[in-house]
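Scroll down for the structure; my scribbles are underneath it.
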Amino acid sequence: MLDPAVAAGIAMLVFSLFTRMALLSIADLSFVLPVTAVGYVLATVLGKVFLHEQVSPVRWLAALLIFAGVAVVGSTPQNTTKEVASQ
């Protein structure tokens, strides 16, 4: 855990957790979860570009399907109900 790369990874995971919690406090789970799935597409692209990984056409298709799903979910209106403060 004292390795700088490991510490940076842990810090990013903690940041990700807090970001997801903040998103869930303002939007529905059915909206937030698919939007955070963009990370799978981003990981595929970054793996190809920076790590020079071999990404098969089937995996590109899977990333494209995830992106399309996120686009559909992102285009739907948010349906979060507002709580009424009790007096």
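By convention here, the chains of the structure tokens are called A, B, ... in the order presented, each chain's residues are numbered starting at 1, and ligands are numbered starting at 1 in the order presented.
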Show me, as a PDB file with C-alpha atoms, in the first residue's frame, the residues that have an atom within 12 Å of Ala68 of chain A when counting only C-alpha atoms, minus same-chain residues fewer than 6 positions from it.
```
ATOM      1  CA  PRO A  34     -26.021   3.219 -16.368  1.00  0.00           C
ATOM      2  CA  VAL A  35     -24.294   6.584 -16.619  1.00  0.00           C
ATOM      3  CA  ALA A  37     -21.107   2.409 -16.881  1.00  0.00           C
ATOM      4  CA  VAL A  38     -19.328   4.801 -19.254  1.00  0.00           C
ATOM      5  CA  VAL A  41     -16.060   2.174 -22.457  1.00  0.00           C
ATOM      6  CA  LEU A  61     -19.055  -4.146 -30.084  1.00  0.00           C
ATOM      7  CA  ALA A  62     -19.703  -4.666 -26.375  1.00  0.00           C
ATOM      8  CA  GLY A  74     -29.151   9.773 -20.664  1.00  0.00           C
ATOM      9  CA  SER A  75     -31.796  10.955 -23.107  1.00  0.00           C
TER      10      SER A  75
END
```
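Minimum atom-to-atom distances from A:Phe15, A:Gly69, A:Ala7, A:Pro77 to Leu33 of chain A were compared using only C-alpha atoms, and the lowest value belongs to A:Gly69.
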Q: Skip Thr36 of chain A itself and residues of its chain fewer than 2 positions away, then list as a PyMOL selection string all residues within 10 Å of it, counting only C-alpha atoms.
A: chain A and resi 16+20+23+31-34+38-40+70
Q: Mind the document's chain letters and residue numbers, and return as an NGL selection string the residues of chain A that DSSP labels alpha helix (DSSP H).
A: :A and (4-26 or 29-36 or 38-50 or 57-75)
Q. Counting only C-alpha atoms, what is within 10 Å of Arg59 of chain A, bar same-chain residues fewer than 5 positions away, as a ChimeraX atom specification?
A. /A:41,44,54,64-65
Same residues, N, CA, C and O atoms, saved as a tab-separated table (two decimals), in the first residue's frame:
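Saved the output as selection.tsv:
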```tsv
chain	number	residue	atom	x	y	z
A	41	VAL	N	-16.47	1.71	-21.13
A	41	VAL	CA	-16.06	2.17	-22.46
A	41	VAL	C	-14.73	2.91	-22.36
A	41	VAL	O	-13.82	2.70	-23.16
A	44	THR	N	-11.84	0.56	-21.95
A	44	THR	CA	-11.49	-0.10	-23.20
A	44	THR	C	-10.64	0.81	-24.09
A	44	THR	O	-9.60	0.40	-24.61
A	54	GLN	N	-4.64	-5.57	-27.15
A	54	GLN	CA	-5.39	-6.05	-28.30
A	54	GLN	C	-6.86	-6.14	-27.90
A	54	GLN	O	-7.21	-6.87	-26.97
A	64	LEU	N	-19.48	-0.53	-27.58
A	64	LEU	CA	-20.45	0.27	-28.34
A	64	LEU	C	-21.87	0.08	-27.81
A	64	LEU	O	-22.63	1.04	-27.69
A	65	LEU	N	-22.22	-1.15	-27.46
A	65	LEU	CA	-23.55	-1.41	-26.90
A	65	LEU	C	-23.73	-0.72	-25.54
A	65	LEU	O	-24.80	-0.19	-25.24
```
